[in-house]
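One file, start-v4.csv, carrying CSV, C-alpha atoms:
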```
chain,number,residue,atom,x,y,z
A,217,MET,CA,-31.7,-6.8,-17.5
A,218,LEU,CA,-28.9,-9.2,-17.0
A,219,ASP,CA,-28.3,-11.7,-14.2
A,220,HIS,CA,-26.0,-9.2,-12.5
A,221,THR,CA,-26.1,-5.4,-11.9
A,222,TYR,CA,-24.1,-3.1,-14.1
A,223,LEU,CA,-23.9,-0.3,-11.5
A,224,VAL,CA,-21.0,0.9,-9.4
A,225,GLY,CA,-20.8,-1.3,-6.4
A,226,ASP,CA,-20.1,1.5,-4.0
A,227,TRP,CA,-23.2,3.5,-5.0
A,228,ARG,CA,-25.9,3.6,-2.5
A,229,LEU,CA,-29.4,3.0,-3.9
A,230,SER,CA,-30.1,6.7,-3.4
A,231,ASP,CA,-27.0,7.4,-5.5
A,232,VAL,CA,-28.4,5.1,-8.3
A,233,GLU,CA,-31.5,7.3,-8.5
A,234,ARG,CA,-29.5,10.6,-8.6
A,235,THR,CA,-27.2,9.1,-11.3
A,236,LEU,CA,-29.8,7.7,-13.6
A,237,ARG,CA,-32.5,10.3,-13.3
A,238,PRO,CA,-30.9,12.8,-15.7
A,239,PHE,CA,-30.9,10.2,-18.5
A,240,TYR,CA,-34.7,9.7,-18.6
A,241,ASP,CA,-37.3,12.4,-19.3
A,242,ARG,CA,-40.0,10.3,-17.8
A,243,TRP,CA,-38.1,9.4,-14.6
A,244,GLN,CA,-40.3,9.4,-11.5
A,245,SER,CA,-38.3,9.8,-8.3
A,246,ASP,CA,-41.2,9.2,-6.0
A,247,ARG,CA,-42.1,6.0,-7.8
A,248,TYR,CA,-38.5,4.8,-7.4
A,249,ARG,CA,-38.6,5.5,-3.7
A,250,GLN,CA,-41.9,3.8,-3.4
A,251,LEU,CA,-40.7,0.7,-5.3
A,252,LEU,CA,-37.6,0.5,-3.0
A,253,ASP,CA,-40.0,0.6,-0.1
A,254,ASP,CA,-42.3,-2.0,-1.6
A,255,PHE,CA,-39.3,-4.3,-2.4
A,256,ALA,CA,-37.9,-3.8,1.2
A,257,LEU,CA,-34.7,-2.2,-0.2
A,258,ASP,CA,-32.9,0.3,2.0
A,259,PRO,CA,-31.9,3.4,0.0
A,260,ARG,CA,-28.8,3.6,2.1
A,261,SER,CA,-27.7,0.1,1.1
A,262,ARG,CA,-24.8,-0.2,-1.3
A,263,VAL,CA,-25.2,-2.0,-4.6
A,264,LYS,CA,-22.4,-4.4,-3.8
A,265,ASP,CA,-24.1,-5.5,-0.6
A,266,LEU,CA,-27.3,-6.6,-2.3
A,267,SER,CA,-28.1,-10.3,-2.7
A,268,ARG,CA,-28.8,-11.5,-6.2
A,269,GLY,CA,-32.6,-11.4,-5.6
A,270,MET,CA,-32.3,-7.9,-4.2
A,271,ALA,CA,-30.2,-6.8,-7.2
A,272,MET,CA,-32.9,-8.1,-9.6
A,273,LYS,CA,-35.5,-6.1,-7.6
A,274,LEU,CA,-33.3,-3.0,-7.9
A,275,MET,CA,-33.0,-3.4,-11.6
A,276,ILE,CA,-36.8,-3.8,-11.9
A,277,ALA,CA,-37.3,-0.7,-9.7
A,278,ILE,CA,-35.1,1.2,-12.1
A,279,ALA,CA,-37.0,0.0,-15.1
A,280,LEU,CA,-40.3,0.8,-13.6
A,281,SER,CA,-39.2,4.2,-12.5
A,282,HIS,CA,-38.7,5.4,-16.0
A,283,ARG,CA,-42.0,3.8,-17.1
A,284,ALA,CA,-40.5,1.1,-19.3
A,285,ARG,CA,-43.1,-0.9,-21.0
A,286,LEU,CA,-40.9,-3.8,-22.1
A,287,LEU,CA,-38.6,-5.6,-19.7
A,288,VAL,CA,-36.1,-8.1,-21.1
A,289,PHE,CA,-34.5,-10.5,-18.6
A,290,ASP,CA,-31.8,-13.0,-18.8
A,291,GLU,CA,-32.5,-15.8,-16.4
A,292,PRO,CA,-34.1,-13.6,-13.8
A,293,THR,CA,-34.8,-16.3,-11.3
A,294,SER,CA,-31.8,-18.6,-11.6
A,295,GLY,CA,-29.8,-18.8,-8.4
A,296,LEU,CA,-32.6,-17.5,-6.2
A,297,ASP,CA,-33.9,-19.3,-3.3
A,298,PRO,CA,-37.6,-20.4,-3.6
A,299,VAL,CA,-38.9,-17.5,-1.5
A,300,ALA,CA,-37.0,-14.9,-3.5
A,301,ARG,CA,-38.0,-16.6,-6.8
A,302,ASP,CA,-41.7,-16.6,-5.8
A,303,GLU,CA,-41.5,-12.9,-4.8
A,304,LEU,CA,-39.7,-11.9,-8.1
A,305,VAL,CA,-42.1,-13.9,-10.3
A,306,GLY,CA,-44.9,-12.1,-8.4
A,307,ILE,CA,-43.4,-8.7,-9.1
A,308,ILE,CA,-43.1,-9.5,-12.8
A,309,GLY,CA,-46.6,-10.8,-12.8
A,310,ASP,CA,-47.9,-7.6,-11.2
A,311,PHE,CA,-46.0,-5.6,-13.9
A,312,MET,CA,-47.8,-7.6,-16.6
A,313,LEU,CA,-51.2,-6.8,-15.2
A,314,ASP,CA,-51.0,-3.6,-17.2
A,315,GLU,CA,-51.9,-4.6,-20.8
A,316,ARG,CA,-49.4,-2.1,-22.2
A,317,HIS,CA,-46.6,-4.0,-20.5
A,318,SER,CA,-44.6,-6.9,-21.8
A,319,VAL,CA,-41.8,-9.1,-20.5
A,320,LEU,CA,-39.4,-11.2,-22.5
A,321,PHE,CA,-37.2,-13.5,-20.5
A,322,SER,CA,-35.1,-16.6,-20.9
A,323,THR,CA,-35.2,-19.3,-18.3
A,324,HIS,CA,-34.4,-22.9,-17.6
A,325,ILE,CA,-36.9,-22.9,-14.7
A,326,THR,CA,-40.2,-24.0,-16.3
A,327,THR,CA,-42.3,-23.3,-13.2
A,328,ASP,CA,-41.7,-19.6,-13.9
A,329,LEU,CA,-43.4,-20.1,-17.3
A,330,ASP,CA,-46.3,-22.0,-15.7
A,331,ARG,CA,-47.0,-18.9,-13.6
A,332,ILE,CA,-46.4,-16.0,-15.9
A,333,GLY,CA,-45.7,-17.2,-19.4
A,334,ASP,CA,-48.2,-16.4,-22.1
A,335,TYR,CA,-46.0,-17.2,-25.1
A,336,VAL,CA,-43.3,-19.8,-25.0
A,337,THR,CA,-40.4,-20.4,-27.4
A,338,ILE,CA,-38.3,-23.5,-26.8
A,339,ILE,CA,-34.8,-23.3,-28.1
A,340,HIS,CA,-32.6,-26.4,-28.3
A,341,ASP,CA,-29.1,-26.6,-29.7
A,342,GLY,CA,-29.5,-23.0,-30.9
A,343,ARG,CA,-32.6,-23.8,-32.9
A,344,ILE,CA,-36.2,-22.9,-32.3
A,345,VAL,CA,-38.0,-26.1,-31.7
A,346,SER,CA,-41.4,-24.7,-30.9
A,347,THR,CA,-43.0,-21.3,-30.5
A,348,GLY,CA,-46.5,-20.1,-29.8
A,349,THR,CA,-48.8,-19.5,-26.9
A,350,LYS,CA,-48.3,-21.6,-23.8
A,351,ASP,CA,-51.7,-23.2,-24.4
A,352,GLU,CA,-50.9,-24.1,-28.0
A,353,LEU,CA,-47.6,-25.6,-26.8
A,354,MET,CA,-49.4,-27.6,-24.0
A,355,ASP,CA,-52.1,-28.8,-26.5
A,356,GLY,CA,-49.5,-29.7,-29.1
A,357,PHE,CA,-47.8,-32.5,-27.2
A,358,ARG,CA,-48.8,-35.5,-25.2
A,359,ILE,CA,-46.8,-37.7,-22.8
A,360,VAL,CA,-47.1,-41.4,-23.6
A,361,ARG,CA,-46.3,-44.2,-21.2
A,362,ALA,CA,-46.4,-47.7,-22.4
A,363,GLY,CA,-44.7,-51.1,-22.1
A,364,PRO,CA,-41.1,-51.7,-23.2
A,365,ASP,CA,-42.2,-53.0,-26.6
A,366,LEU,CA,-43.5,-49.6,-27.7
A,367,ALA,CA,-41.8,-48.6,-30.9
A,368,GLU,CA,-42.0,-45.7,-33.3
A,369,GLY,CA,-44.7,-46.6,-35.7
A,370,VAL,CA,-45.7,-45.1,-39.0
A,371,GLY,CA,-46.3,-41.5,-38.6
A,372,VAL,CA,-45.4,-41.4,-34.9
A,373,ARG,CA,-42.2,-40.0,-33.5
A,374,LEU,CA,-41.3,-40.7,-29.9
A,375,ILE,CA,-39.5,-37.5,-28.7
A,376,GLY,CA,-36.9,-38.0,-26.0
A,377,ALA,CA,-38.0,-41.5,-25.3
A,378,ARG,CA,-36.8,-43.0,-22.1
A,379,ARG,CA,-36.6,-46.7,-22.1
A,380,THR,CA,-36.3,-49.0,-19.1
A,381,ALA,CA,-37.0,-52.6,-18.5
A,382,ALA,CA,-40.4,-51.5,-17.1
A,383,GLY,CA,-41.5,-49.4,-20.0
A,384,VAL,CA,-41.2,-46.4,-22.2
A,385,GLN,CA,-42.0,-42.7,-21.6
A,386,ALA,CA,-41.9,-40.3,-24.5
A,387,LEU,CA,-43.3,-37.1,-25.8
A,388,VAL,CA,-45.4,-37.3,-28.9
A,389,ARG,CA,-47.2,-34.7,-31.0
A,390,THR,CA,-50.9,-34.6,-30.1
A,391,ASP,CA,-52.0,-35.3,-33.7
A,392,GLU,CA,-49.8,-38.4,-33.7
A,393,ALA,CA,-50.9,-39.7,-30.4
A,394,ALA,CA,-54.1,-41.3,-31.8
A,395,LEU,CA,-52.0,-43.6,-33.9
A,396,LEU,CA,-50.4,-45.2,-30.9
A,397,ASP,CA,-51.6,-48.5,-29.3
A,398,ALA,CA,-54.7,-48.4,-27.3
A,399,ASP,CA,-52.8,-49.8,-24.4
A,400,ALA,CA,-50.5,-46.8,-24.1
A,401,LEU,CA,-51.3,-44.3,-21.4
A,402,ILE,CA,-51.6,-40.8,-23.0
A,403,GLU,CA,-51.7,-37.7,-20.8
A,404,PRO,CA,-51.3,-33.9,-21.1
A,405,PRO,CA,-47.7,-33.0,-20.4
A,406,THR,CA,-46.3,-30.3,-18.0
A,407,LEU,CA,-44.0,-27.7,-19.4
A,408,GLU,CA,-41.2,-29.4,-17.5
A,409,GLU,CA,-41.9,-32.7,-19.3
A,410,ILE,CA,-42.0,-31.0,-22.7
A,411,ALA,CA,-38.7,-29.2,-22.1
A,412,VAL,CA,-37.0,-32.4,-20.7
A,413,HIS,CA,-38.0,-34.6,-23.6
A,414,ILE,CA,-37.2,-32.1,-26.3
A,415,GLY,CA,-33.8,-31.5,-24.7
A,416,ALA,CA,-33.1,-35.2,-24.1
A,417,PRO,CA,-30.1,-36.7,-25.9
A,418,ALA,CA,-30.8,-39.0,-28.9
A,419,GLN,CA,-32.9,-42.0,-28.1
A,420,ARG,CA,-31.0,-44.6,-26.3
A,421,SER,CA,-32.0,-47.9,-24.8
A,422,LEU,CA,-31.2,-48.5,-21.1
A,423,ALA,CA,-32.4,-52.1,-21.2
B,141,MET,CA,-28.8,19.1,-20.1
B,142,THR,CA,-27.2,17.6,-23.2
B,143,ALA,CA,-26.3,14.0,-23.5
B,144,VAL,CA,-22.6,14.8,-23.4
B,145,ALA,CA,-23.1,16.8,-20.1
B,146,ARG,CA,-25.0,13.9,-18.7
B,147,VAL,CA,-22.2,11.5,-19.4
B,148,ALA,CA,-19.7,13.9,-17.9
B,149,LEU,CA,-21.9,14.0,-14.8
B,150,LEU,CA,-22.1,10.2,-14.8
B,151,ASP,CA,-18.3,10.1,-14.7
B,152,LEU,CA,-18.4,12.5,-11.7
B,153,ARG,CA,-20.9,10.3,-10.0
B,154,THR,CA,-18.9,7.2,-10.8
B,155,ILE,CA,-15.9,8.4,-8.8
B,156,ALA,CA,-18.0,10.2,-6.2
B,157,PRO,CA,-17.8,7.3,-3.7
B,158,TYR,CA,-14.1,7.6,-3.7
B,159,ARG,CA,-13.9,11.4,-3.2
B,160,ARG,CA,-12.1,11.1,0.1
B,161,GLN,CA,-9.0,9.4,-1.4
B,162,GLY,CA,-9.0,12.1,-4.1
B,163,LEU,CA,-9.2,14.9,-1.6
B,164,LEU,CA,-6.4,13.3,0.5
B,165,LEU,CA,-4.2,13.2,-2.6
B,166,LEU,CA,-5.0,16.9,-3.3
B,167,VAL,CA,-4.2,17.9,0.3
B,168,VAL,CA,-0.9,16.0,0.3
B,169,VAL,CA,0.3,17.5,-3.0
B,170,THR,CA,-0.8,21.0,-1.8
B,171,ALA,CA,1.0,20.6,1.5
B,172,ILE,CA,4.2,19.4,-0.1
B,173,LEU,CA,4.3,22.3,-2.5
B,174,ALA,CA,3.0,25.0,-0.2
B,175,ASN,CA,6.4,26.8,-0.2
B,176,ARG,CA,6.7,26.7,-4.0
B,177,PRO,CA,3.3,28.1,-5.1
B,178,THR,CA,4.2,28.4,-8.8
B,179,THR,CA,4.7,24.6,-9.1
B,180,LEU,CA,1.3,23.8,-7.6
B,181,VAL,CA,-0.9,24.0,-10.7
B,182,PRO,CA,1.5,21.9,-12.9
B,183,ALA,CA,1.9,19.4,-10.1
B,184,LEU,CA,-1.8,19.1,-9.6
B,185,VAL,CA,-2.2,18.5,-13.3
B,186,LEU,CA,0.7,16.1,-13.5
B,187,LEU,CA,0.0,14.1,-10.3
B,188,VAL,CA,-3.6,14.5,-9.5
B,189,ALA,CA,-5.4,15.0,-12.8
B,190,PRO,CA,-4.3,11.7,-14.4
B,191,SER,CA,-5.8,9.8,-11.5
B,192,VAL,CA,-9.0,11.8,-11.4
B,193,ILE,CA,-9.7,11.7,-15.1
B,194,SER,CA,-8.9,8.1,-15.6
B,195,TYR,CA,-10.6,6.8,-12.5
B,196,PRO,CA,-14.1,6.6,-14.1
B,197,PHE,CA,-12.5,4.2,-16.6
B,198,SER,CA,-11.1,2.1,-13.8
B,199,VAL,CA,-14.4,1.9,-11.9
B,200,ALA,CA,-16.3,1.3,-15.2
B,201,ASP,CA,-14.1,-1.7,-15.9
B,202,LYS,CA,-14.7,-3.2,-12.5
B,203,ALA,CA,-18.4,-2.5,-12.5
B,204,GLY,CA,-19.2,-3.3,-16.1
B,205,LEU,CA,-20.4,0.2,-16.8
B,206,ASP,CA,-20.0,-0.5,-20.6
B,207,THR,CA,-23.3,-2.4,-20.2
B,208,LEU,CA,-24.9,0.6,-18.5
B,209,TYR,CA,-23.7,2.9,-21.2
B,210,ALA,CA,-25.3,0.5,-23.7
B,211,VAL,CA,-28.7,0.4,-22.1
B,212,LEU,CA,-29.0,4.1,-21.3
B,213,PRO,CA,-30.7,6.2,-24.0
B,214,LEU,CA,-27.4,7.5,-25.4
B,215,ARG,CA,-25.5,7.4,-28.6
B,216,ARG,CA,-22.1,5.8,-28.3
B,217,ARG,CA,-20.6,9.1,-29.6
B,218,SER,CA,-22.1,10.9,-26.7
B,219,VAL,CA,-20.5,8.5,-24.3
B,220,VAL,CA,-17.0,9.2,-25.8
B,221,LEU,CA,-17.5,12.9,-25.9
B,222,GLY,CA,-18.8,12.9,-22.4
B,223,HIS,CA,-15.6,11.3,-21.1
B,224,TYR,CA,-13.6,14.1,-22.7
B,225,ALA,CA,-16.0,16.7,-21.4
B,226,TRP,CA,-15.5,15.2,-17.9
B,227,ALA,CA,-11.7,15.4,-18.3
B,228,VAL,CA,-11.7,19.0,-19.5
B,229,SER,CA,-14.1,19.9,-16.7
B,230,ALA,CA,-11.8,18.2,-14.2
B,231,PHE,CA,-8.8,20.1,-15.6
B,232,LEU,CA,-10.7,23.4,-15.3
B,233,ALA,CA,-11.7,22.7,-11.7
B,234,LEU,CA,-8.2,21.6,-10.7
B,235,ALA,CA,-6.6,24.6,-12.5
B,236,ALA,CA,-9.1,27.1,-11.0
B,237,GLY,CA,-8.7,25.6,-7.5
B,238,GLY,CA,-5.0,25.3,-7.9
B,239,THR,CA,-4.7,28.9,-9.1
B,240,ALA,CA,-6.7,30.2,-6.2
B,241,VAL,CA,-4.5,28.3,-3.7
B,242,THR,CA,-1.4,29.4,-5.5
B,243,LEU,CA,-2.4,33.0,-5.3
B,244,ALA,CA,-3.3,32.7,-1.7
B,245,LEU,CA,0.0,31.0,-0.8
B,246,ALA,CA,2.0,33.5,-2.8
B,247,HIS,CA,0.2,36.3,-1.0
B,248,ALA,CA,0.7,34.7,2.4
B,249,GLU,CA,4.4,34.3,1.7
B,250,SER,CA,4.8,37.8,0.2
B,251,LYS,CA,5.9,36.3,-3.1
B,252,PRO,CA,3.8,38.3,-5.6
B,253,LEU,CA,2.8,36.3,-8.6
B,254,GLY,CA,2.1,38.3,-11.7
B,255,GLY,CA,-0.5,37.4,-14.3
B,256,HIS,CA,2.2,36.7,-16.8
B,257,ALA,CA,3.9,34.1,-14.7
B,258,LEU,CA,0.6,32.6,-13.9
B,259,GLY,CA,-0.3,32.5,-17.5
B,260,ILE,CA,2.8,30.5,-18.3
B,261,VAL,CA,2.1,28.1,-15.5
B,262,LEU,CA,-1.4,27.5,-16.7
B,263,ALA,CA,-0.4,27.1,-20.3
B,264,VAL,CA,2.3,24.5,-19.4
B,265,ALA,CA,-0.3,22.7,-17.2
B,266,TRP,CA,-2.8,22.7,-20.1
B,267,GLY,CA,-0.1,21.3,-22.5
B,268,MET,CA,0.7,18.4,-20.1
B,269,PHE,CA,-2.9,17.7,-19.5
B,270,ALA,CA,-3.7,17.7,-23.3
B,271,VAL,CA,-0.9,15.2,-24.1
B,272,ASN,CA,-2.0,13.0,-21.2
B,273,VAL,CA,-5.7,12.9,-22.3
B,274,ALA,CA,-4.9,12.7,-26.0
B,275,VAL,CA,-2.8,9.6,-25.6
B,276,GLN,CA,-4.7,7.9,-22.7
B,277,PHE,CA,-8.3,8.2,-23.7
B,278,PRO,CA,-8.2,6.4,-27.1
B,279,LEU,CA,-6.4,3.6,-25.4
B,280,PHE,CA,-8.8,3.4,-22.5
B,281,ILE,CA,-11.8,3.6,-24.8
B,282,ARG,CA,-10.5,0.9,-27.2
B,283,PHE,CA,-8.9,-1.5,-24.7
B,284,GLY,CA,-10.3,-0.6,-21.3
B,285,TYR,CA,-8.5,0.7,-18.3
B,286,THR,CA,-7.3,-2.6,-16.9
B,287,ARG,CA,-5.4,-3.7,-20.0
B,288,ILE,CA,-3.8,-0.3,-20.6
B,289,SER,CA,-3.4,1.5,-17.3
B,290,VAL,CA,0.5,1.2,-17.1
B,291,LEU,CA,1.1,2.0,-20.8
B,292,GLY,CA,-1.5,4.8,-20.6
B,293,THR,CA,0.4,6.4,-17.7
B,294,VAL,CA,3.9,5.9,-19.0
B,295,LEU,CA,3.3,6.8,-22.7
B,296,PRO,CA,2.2,10.4,-22.3
B,297,LEU,CA,5.1,11.2,-20.0
B,298,ALA,CA,7.5,9.5,-22.4
B,299,LEU,CA,6.1,11.5,-25.2
B,300,VAL,CA,6.6,14.8,-23.3
B,301,VAL,CA,10.2,13.9,-22.4
B,302,ILE,CA,11.0,12.8,-26.0
B,303,ALA,CA,9.4,16.0,-27.4
B,304,VAL,CA,11.4,18.2,-25.1
B,305,VAL,CA,14.7,16.4,-25.8
B,306,ARG,CA,14.4,15.7,-29.5
B,307,LEU,CA,12.8,19.0,-30.4
B,308,ARG,CA,15.3,20.9,-28.2
B,309,VAL,CA,12.5,22.9,-26.7
B,310,PRO,CA,14.1,26.3,-25.7
B,311,VAL,CA,13.2,26.4,-22.0
B,312,ALA,CA,15.0,29.7,-21.5
B,313,GLY,CA,12.7,31.5,-23.9
B,314,ILE,CA,9.6,29.9,-22.7
B,315,GLU,CA,7.5,33.2,-22.8
B,316,SER,CA,7.8,33.3,-26.6
B,317,TRP,CA,6.3,29.8,-27.4
B,318,VAL,CA,4.4,28.8,-24.4
B,319,PRO,CA,1.1,30.5,-25.4
B,320,LEU,CA,1.1,28.1,-28.4
B,321,LEU,CA,0.4,25.3,-25.9
B,322,TRP,CA,-3.2,26.4,-25.7
B,323,PRO,CA,-4.1,25.8,-29.4
B,324,ILE,CA,-1.8,22.9,-29.7
B,325,GLY,CA,-3.4,21.2,-26.7
B,326,ALA,CA,-6.9,21.9,-28.0
B,327,ALA,CA,-5.9,20.4,-31.4
B,328,LEU,CA,-4.4,17.3,-29.8
B,329,ILE,CA,-7.6,16.7,-27.8
B,330,ALA,CA,-9.7,17.3,-30.9
B,331,VAL,CA,-7.7,14.7,-32.8
B,332,SER,CA,-7.9,12.3,-29.9
B,333,VAL,CA,-11.7,12.7,-29.8
B,334,ALA,CA,-11.9,11.8,-33.5
B,335,VAL,CA,-9.6,8.8,-33.0
B,336,SER,CA,-11.6,7.6,-30.0
B,337,VAL,CA,-14.9,7.9,-31.9
B,338,VAL,CA,-13.5,5.7,-34.6
B,339,LEU,CA,-12.0,3.2,-32.2
B,340,ASP,CA,-15.2,3.0,-30.2
B,341,ARG,CA,-17.1,1.6,-33.3
B,342,ARG,CA,-17.1,-2.0,-32.1
B,343,PRO,CA,-19.7,-4.4,-31.0
B,344,VAL,CA,-20.7,-3.9,-27.4
B,345,GLN,CA,-19.5,-6.8,-25.3
B,346,ILE,CA,-22.0,-7.9,-22.7
B,347,ARG,CA,-20.1,-9.2,-19.6
```
As structure tokens, how would this structure be written, given the file I've shared?
Amino acid sequence: MLDHTYLVGDWRLSDVERTLRPFYDRWQSDRYRQLLDDFALDPRSRVKDLSRGMAMKLMIAIALSHRARLLVFDEPTSGLDPVARDELVGIIGDFMLDERHSVLFSTHITTDLDRIGDYVTIIHDGRIVSTGTKDELMDGFRIVRAGPDLAEGVGVRLIGARRTAAGVQALVRTDEAALLDADALIEPPTLEEIAVHIGAPAQRSLA
Amino acid sequence: MTAVARVALLDLRTIAPYRRQGLLLLVVVTAILANRPTTLVPALVLLVAPSVISYPFSVADKAGLDTLYAVLPLRRRSVVLGHYAWAVSAFLALAAGGTAVTLALAHAESKPLGGHALGIVLAVAWGMFAVNVAVQFPLFIRFGYTRISVLGTVLPLALVVIAVVRLRVPVAGIESWVPLLWPIGAALIAVSVAVSVVLDRRPVQIR
């Protein structure tokens, strides 16, 4: 599913069902109608009149109506207001309750991953930086906060270090964190902090 | 239902929201030619059919239906063949409807129309339709409707005019050669299908 619909704008949602049904042997019309109802989508609405969040819900309803077991999204929650985002993440989460179901999605919004991500792959500059379960990722890094004189020591790489007159904040690999000064404050990072530090420009002193 | 028939039906559904405009054009052409029944079928094929058969391409361009074709469980070849099946179905419907109206008008005006005359009219209509489809469709499929609409309309007409003038088609003895338009038209469309299948072998562009 892309971040826009690829349906005729003048189709009503009931037309969408009539049009797509012949292509799927496992299409369930009653499930489609039920999902529209659950998602508060009016079958008489036209595709072009749907908001972005409603359009995403329609695409999910279509996928679920032919019993898809893998959903692939491109930025499903970008551009949505917080309420719509929360609702959509909830719908995806409900879909994943069935163990036969999987969802693969790209996002820049790390709070989505906090809620429904099981496996996370971080891509930076077109290269995979890290991949694995969310827990492995979280356990693999630490945030370090220390005074301004903290420097990269032997065997310790400060990832995306932010230096100010007051101090330094950087991401380090967990197995390297023990090599840092005892004065440094070392904490588990959030996914947001991991993404921000990995994606930060090359280390630059602001002092 | 075969995949090709499903795509033909999808084309019908694609233009279904705009059926009022199509019917209006149909009524206007019929009203204008009501006192010349024999010209009705060729006129419908020349004036109405090009719009009807190309409109799915126009709507598909605007709505990004190439992406829909790509995600539906279809082979690309079925999509191409389906467009042609749609066009031939539209011709048959227009020719059948036009013939019925022609016969009714001829009867009402006491201008008996023999089967021979009707056969000539239908063969000429088929020939014009075949040239139109054979030229337009490969261009639409390769370049899209938006980029080719003017050329796609002008080129078939120009080819017909050039063929009539350069080949010195004997209009006076039309009865002798016009039945050949049936196999020639079918061959033209078959070649066009083959060309379109080859031209369609390109990476799908996600919009």
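Taking all atoms listed in the file into account, those protein, DNA and RNA residues with any atom at most 8 Å away from (-51.9, -31.0, -31.0) amount to Glu352, Asp355, Gly356, Phe357, Arg358, Arg389, Thr390 and Asp391 of chain A.
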For the contact check between chain B and chain A, emit one row per residue of chain B within 6 Å, containing the shortest atom pair and the distance in Å rounded to one decimal, counting all atoms listed in the file, chain then rising number order, as a tab-separated table.
```
residue	atom	partner	partner_atom	distance
B:Ala203	CA	A:Val224	CA	5.3
B:Gly204	CA	A:Tyr222	CA	5.3
B:Leu205	CA	A:Tyr222	CA	5.6
B:Leu208	CA	A:Tyr222	CA	5.8
```
Keeping only C-alpha atoms, write the selected residues as a compact mmCIF listing (two decimals), keeping the file's coordinate frame.
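The resulting again_32.txt:
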```
# COMPACT_ATOMS: atom_id res chain seq x y z
CA ALA B 203 -18.40 -2.50 -12.50
CA GLY B 204 -19.20 -3.30 -16.10
CA LEU B 205 -20.40 0.20 -16.80
CA LEU B 208 -24.90 0.60 -18.50
```
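Between CA of Asp253 in chain A and CA of Gly269 in chain A lies a distance of 15.1 Å.
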Q) What does the distance from CA of Ala225 in chain B to CA of Leu279 in chain B come to in Å, to one decimal? A) 16.7 Å
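The smallest atom-to-atom distance between Val185 in chain B and any of B:Met268, B:Val228, B:Ala248, B:Ile324, using all atoms listed in the file, is found for B:Met268.
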Q. Any idea what's packed within 10 Å of Leu243 in chain B, counting all atoms listed in the file, ignoring anything in its chain fewer than 6 positions away? Could you give it as a ChimeraX atom specification?
A. /B:177-178,237,249,251-254,258
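Counting from CA of Ile375 in chain A, the distance to CA of Ala416 in chain A is 8.2 Å.
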Q) Of the candidates B:Phe277, B:Leu149, B:Thr239, B:Ser191, which one gets nearest to Ala334 in chain B if we count all atoms listed in the file? A) B:Phe277
